[in-house]
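Just model-v1.cif here, mmCIF, C-alpha atoms:
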data_structure
#
loop_
_atom_site.label_atom_id
_atom_site.label_comp_id
_atom_site.auth_asym_id
_atom_site.auth_seq_id
_atom_site.Cartn_x
_atom_site.Cartn_y
_atom_site.Cartn_z
CA MET P 1 -12.40 19.23 -8.18
CA ALA P 2 -11.66 15.63 -7.18
CA ARG P 3 -12.26 13.13 -9.96
CA ALA P 4 -14.98 10.60 -9.13
CA GLY P 5 -13.60 7.24 -8.07
CA LEU P 6 -10.16 8.49 -7.10
CA THR P 7 -9.18 8.45 -3.44
CA PRO P 8 -5.83 8.62 -1.63
CA GLU P 9 -6.21 4.94 -0.73
CA ARG P 10 -6.92 3.87 -4.30
CA LEU P 11 -4.00 5.92 -5.59
CA THR P 12 -1.71 4.46 -2.93
CA LEU P 13 -2.61 0.90 -3.90
CA ALA P 14 -2.17 1.71 -7.59
CA GLY P 15 1.19 3.27 -6.79
CA ALA P 16 2.23 0.15 -4.87
CA GLU P 17 1.29 -2.03 -7.83
CA LEU P 18 3.18 0.27 -10.18
CA ALA P 19 6.21 0.04 -7.92
CA ASP P 20 6.16 -3.75 -8.21
CA GLU P 21 5.84 -3.58 -11.99
CA ALA P 22 8.21 -0.75 -12.87
CA GLY P 23 10.29 -0.10 -9.75
CA PHE P 24 9.71 2.20 -6.80
CA ASP P 25 11.90 4.91 -8.30
CA GLN P 26 9.52 5.10 -11.27
CA VAL P 27 6.50 5.97 -9.14
CA THR P 28 5.42 9.57 -9.72
CA LEU P 29 2.15 11.46 -9.96
CA SER P 30 2.73 11.76 -13.70
CA ALA P 31 3.06 7.99 -14.09
CA LEU P 32 -0.04 7.44 -11.97
CA ALA P 33 -2.01 10.01 -13.98
CA ARG P 34 -1.15 8.16 -17.18
CA GLN P 35 -2.32 4.92 -15.63
CA PHE P 36 -5.72 6.42 -14.75
CA ASP P 37 -5.85 8.40 -18.01
CA VAL P 38 -6.28 11.70 -16.21
CA LYS P 39 -4.32 14.91 -16.01
CA VAL P 40 -1.80 15.28 -13.21
CA ALA P 41 -3.80 18.21 -11.88
CA SER P 42 -6.65 15.79 -11.11
CA LEU P 43 -4.47 14.02 -8.56
CA TYR P 44 -3.63 17.13 -6.58
CA ALA P 45 -7.05 16.99 -4.98
CA HIS P 46 -5.88 13.79 -3.26
CA LEU P 47 -2.09 14.04 -2.94
CA LYS P 48 0.26 17.00 -2.50
CA ASN P 49 3.09 15.64 -4.62
CA SER P 50 5.03 12.52 -5.60
CA GLN P 51 6.81 12.48 -2.25
CA GLU P 52 3.53 12.15 -0.39
CA LEU P 53 2.58 9.30 -2.73
CA LYS P 54 5.87 7.52 -2.03
CA THR P 55 5.48 8.03 1.70
CA ARG P 56 1.97 6.58 1.59
CA ILE P 57 3.25 3.56 -0.35
CA ALA P 58 6.03 3.09 2.20
CA LEU P 59 3.55 3.16 5.09
CA PHE P 60 1.25 0.77 3.22
CA ALA P 61 4.11 -1.65 2.57
CA LEU P 62 5.36 -1.51 6.17
CA ALA P 63 1.89 -2.31 7.49
CA GLU P 64 1.27 -5.07 4.94
CA LEU P 65 4.61 -6.70 5.67
CA ALA P 66 4.15 -6.39 9.44
CA ASP P 67 0.85 -8.26 9.19
CA LEU P 68 2.47 -11.03 7.15
CA VAL P 69 5.40 -11.36 9.52
CA ALA P 70 3.14 -11.39 12.58
CA ALA P 71 1.06 -14.19 11.09
CA ALA P 72 4.20 -16.14 10.17
CA VAL P 73 5.76 -16.04 13.64
CA ALA P 74 2.56 -16.48 15.67
CA GLY P 75 2.97 -19.36 18.13
CA ARG P 76 6.63 -19.90 17.22
CA ALA P 77 9.77 -19.41 19.28
CA GLY P 78 13.52 -19.77 18.98
CA LYS P 79 14.83 -21.01 15.67
CA ASP P 80 11.34 -21.66 14.30
CA ALA P 81 10.41 -18.00 14.88
CA LEU P 82 13.67 -16.76 13.42
CA VAL P 83 13.25 -18.81 10.24
CA ALA P 84 9.58 -17.86 9.84
CA PHE P 85 10.46 -14.20 10.36
CA ALA P 86 13.26 -14.27 7.80
CA ASN P 87 11.24 -16.21 5.24
CA ALA P 88 8.34 -13.76 5.51
CA TYR P 89 10.67 -10.88 4.62
CA ARG P 90 12.29 -12.75 1.76
CA ASP P 91 8.98 -13.96 0.34
CA TYR P 92 7.57 -10.44 0.44
CA ALA P 93 10.64 -9.02 -1.30
CA ARG P 94 10.31 -11.63 -4.05
CA ALA P 95 6.56 -11.18 -4.52
CA HIS P 96 6.54 -7.38 -4.17
CA PRO P 97 9.97 -5.98 -5.03
CA GLY P 98 8.73 -2.43 -5.44
CA ARG P 99 6.81 -2.44 -2.18
CA TYR P 100 9.79 -3.95 -0.41
CA ASP P 101 11.95 -1.08 -1.67
CA ALA P 102 9.26 1.35 -0.55
CA ALA P 103 9.38 -0.10 2.95
CA ARG P 104 13.04 0.98 3.10
CA LEU P 105 12.17 4.62 2.38
CA ARG P 106 13.61 6.96 4.99
CA LEU P 107 10.77 8.62 6.89
CA ASP P 108 10.87 11.69 9.07
CA PRO P 109 11.00 10.84 12.81
CA ALA P 110 7.34 11.61 13.55
CA THR P 111 6.06 9.59 10.58
CA ALA P 112 8.39 6.70 11.38
CA ALA P 113 7.28 6.64 15.02
CA ALA P 114 3.64 6.35 13.94
CA SER P 115 4.32 3.74 11.28
CA ALA P 116 4.28 -0.06 11.34
CA GLY P 117 8.06 0.10 11.42
CA VAL P 118 7.67 0.12 15.21
CA ARG P 119 5.91 -3.25 14.97
CA HIS P 120 8.80 -4.65 12.94
CA ALA P 121 11.28 -3.60 15.62
CA ARG P 122 9.15 -5.06 18.40
CA MET P 123 8.75 -8.38 16.59
CA THR P 124 12.49 -8.60 16.00
CA ARG P 125 13.19 -7.98 19.68
CA ALA P 126 10.51 -10.49 20.71
CA ILE P 127 12.29 -13.17 18.69
CA LEU P 128 15.67 -12.21 20.14
CA ARG P 129 14.36 -12.39 23.70
CA GLY P 130 14.10 -16.11 23.09
CA TYR P 131 17.89 -16.13 22.81
CA ASP P 132 18.26 -14.33 26.16
CA LEU P 133 20.32 -11.46 24.85
CA ALA P 134 20.86 -8.52 27.17
CA GLU P 135 21.55 -4.97 26.02
CA PRO P 136 23.51 -3.78 24.16
CA ASP P 137 23.81 -7.21 22.52
CA GLN P 138 20.11 -7.28 21.66
CA THR P 139 20.38 -4.03 19.70
CA HIS P 140 23.52 -5.31 17.96
CA ALA P 141 21.56 -8.43 17.00
CA VAL P 142 18.59 -6.41 15.68
CA ARG P 143 20.94 -4.51 13.40
CA MET P 144 22.75 -7.66 12.34
CA LEU P 145 19.58 -9.52 11.39
CA GLY P 146 18.27 -6.54 9.44
CA SER P 147 21.57 -6.21 7.61
CA VAL P 148 21.81 -9.92 6.76
CA PHE P 149 18.20 -10.30 5.61
CA HIS P 150 18.16 -7.09 3.57
CA GLY P 151 21.58 -7.74 2.12
CA TYR P 152 20.72 -11.27 1.08
CA VAL P 153 17.39 -10.51 -0.56
CA SER P 154 18.83 -7.44 -2.31
CA LEU P 155 21.78 -9.36 -3.75
CA GLU P 156 19.52 -12.24 -4.72
CA ALA P 157 17.08 -9.90 -6.50
CA ALA P 158 19.98 -8.32 -8.39
CA GLY P 159 21.12 -11.74 -9.65
CA GLY P 160 24.18 -11.76 -7.45
CA PHE P 161 23.87 -15.47 -6.66
CA SER P 162 23.24 -16.72 -10.18
CA HIS P 163 26.87 -17.25 -11.15
CA THR P 164 27.65 -20.40 -9.16
CA ALA P 165 26.25 -23.92 -9.06
CA VAL P 166 25.28 -23.73 -5.38
CA ASP P 167 21.55 -23.07 -5.15
CA SER P 168 20.46 -19.86 -3.44
CA GLU P 169 17.93 -21.79 -1.34
CA GLU P 170 20.75 -23.88 0.08
CA SER P 171 22.76 -20.80 1.00
CA TRP P 172 19.70 -19.17 2.58
CA ALA P 173 19.10 -22.21 4.78
CA TRP P 174 22.81 -22.27 5.70
CA THR P 175 22.66 -18.58 6.61
CA LEU P 176 19.66 -19.05 8.91
CA GLU P 177 21.24 -22.10 10.55
CA SER P 178 24.40 -20.10 11.18
CA LEU P 179 22.52 -17.14 12.64
CA ASP P 180 20.57 -19.39 14.99
CA ALA P 181 23.74 -21.16 16.14
CA MET P 182 25.55 -17.89 16.73
CA LEU P 183 22.68 -16.40 18.73
CA ARG P 184 22.20 -19.56 20.80
CA HIS P 185 25.88 -19.79 21.72
CA HIS P 186 26.53 -16.07 22.13
CA ASN P 187 26.29 -15.95 25.92
CA ARG P 188 28.22 -19.18 26.36
CA ASP P 189 30.99 -18.00 24.07
CA ARG P 190 31.33 -14.85 26.13
CA GLY P 191 31.62 -16.80 29.35
CA ARG P 192 28.07 -16.10 30.53
CA THR P 193 25.27 -18.35 31.63
CA PRO P 194 22.01 -17.64 29.77
CA SER P 195 20.44 -15.61 32.59
CA GLY P 196 23.28 -14.78 34.92
CA PRO P 197 26.55 -12.86 35.28
CA PRO P 198 29.81 -13.85 33.61
CA THR P 199 31.06 -17.26 34.69
CA PRO P 200 34.22 -16.91 36.82
CA GLU P 201 37.43 -18.10 35.25
CA PRO P 202 38.85 -21.26 36.88
CA THR P 203 41.74 -20.65 39.25
CA GLY P 204 44.69 -22.75 40.29
#

Starting from the coordinates I provided, produce the structure as structure tokens.
Amino acid sequence: MARAGLTPERLTLAGAELADEAGFDQVTLSALARQFDVKVASLYAHLKNSQELKTRIALFALAELADLVAAAVAGRAGKDALVAFANAYRDYARAHPGRYDAARLRLDPATAAASAGVRHARMTRAILRGYDLAEPDQTHAVRMLGSVFHGYVSLEAAGGFSHTAVDSEESWAWTLESLDAMLRHHNRDRGRTPSGPPTPEPTG
């Protein structure tokens, strides 16, 4: 019998909060049962197992982060959109480290296709369209931005930037400036006009 007051949604939120406090890898049905002072068996009326709980937290985090990113980039374009996008991810990772880790959980194809992860990909491509990148360069850029943002916030969270006098904020701003410059000059550096074919090499 389901315990009064417990629902999948309430358990998911509690699991997300536990992830932020103790780490996503520490989220289990047993840990959640202790938090609610119930037996683990009481939770099986709402969740199949710990994997379902983790998947629900991942979907919750993806949706929550997508809403924050969408609000941050609304009405912005170019560098302003890129910076707002990146800052939204970094701020979320700092405020909700466990949820951020949950958002990186590998989902099965059907679950991933129905998740807010699709919104994240679309928003990334919308920003990159402002840099006039054609395929396959746009896909390369999507992967590059994801790698840079995730790598930076992960290293920062692990204390990887605490051993030098240069402030992490300064390096973050430098990184975003560099990404914007590279994306803006990509077509020119490859001998292409922003919306046309490769520029012919001079002859004679």

Notebook entry, point to check: If the PyMOL selection byres ((chain P and resi 14) around 12) is run on the structure shown, which residues does it catch, given as a VMD selection string?
Noted result: chain P and resid 6 to 13 15 to 22 24 27 to 29 31 to 36 53 to 54 56 to 57 60 98 to 99

Next item on the list: Rank P:Ala173, P:Lys39, P:Ala81, P:Ala157 by their smallest atom-to-atom distance to P:Thr124, using only C-alpha atoms, and report the top residue only.
Entry: P:Ala81

Notebook entry, point to check: Rounded to one decimal in Å, what is the spacing between atom CA of P:Ala58 and atom CA of P:Arg76?
Noted result: 27.5 Å

Next item on the list: Would you work out the distance separating atom CA of P:Arg129 from atom CA of P:Ala63, expressed in Å to one decimal?
Entry: 22.8 Å

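Proximity ranking of P:Pro136, P:Ser115, P:Ser168, P:Lys79 relative to P:Met182 places P:Lys79 first, based on only C-alpha atoms.
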
Notebook entry, point to check: Any chance you could work out the residue set of the PyMOL selection byres ((chain P and resi 138-143) around 8) here, as a ChimeraX atom specification?
Noted result: /P:121,124-125,128-129,133-137,144-147

Note to self: Using Å and a single decimal, report how far atom CA of P:Ser30 sits from atom CA of P:Thr55.
What the structure shows: 16.1 Å

Next item on the list: Any chance you could resolve the PyMOL selection byres ((chain P and resi 104) around 10) against this file and give the residues as an MDAnalysis selection string?
Entry: chainID P and resid 58:59 61:62 99:103 105:107 117 150

Notebook entry, point to check: With distances taken over all atoms listed in the file, which of P:Ala70, P:Tyr152, P:His163, P:Ala116 is nearest to P:Leu82?
Noted result: P:Ala70

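Remark: for P:Ala181, the closest of the candidate residues P:Tyr131, P:Gly159, P:Asp91, P:Leu47 is P:Tyr131 (distances computed over all atoms listed in the file).
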
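Counting only C-alpha atoms, the residue from P:Ile127, P:Ser50, P:Thr111, P:Asn87 that sits nearest to P:Gly75 is P:Ile127.
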
Margin query: Just checking: using only C-alpha atoms, which residue out of P:Tyr89, P:Ala41, P:Arg94, P:Val83 ends up closest to P:Glu177?
Written below: P:Val83
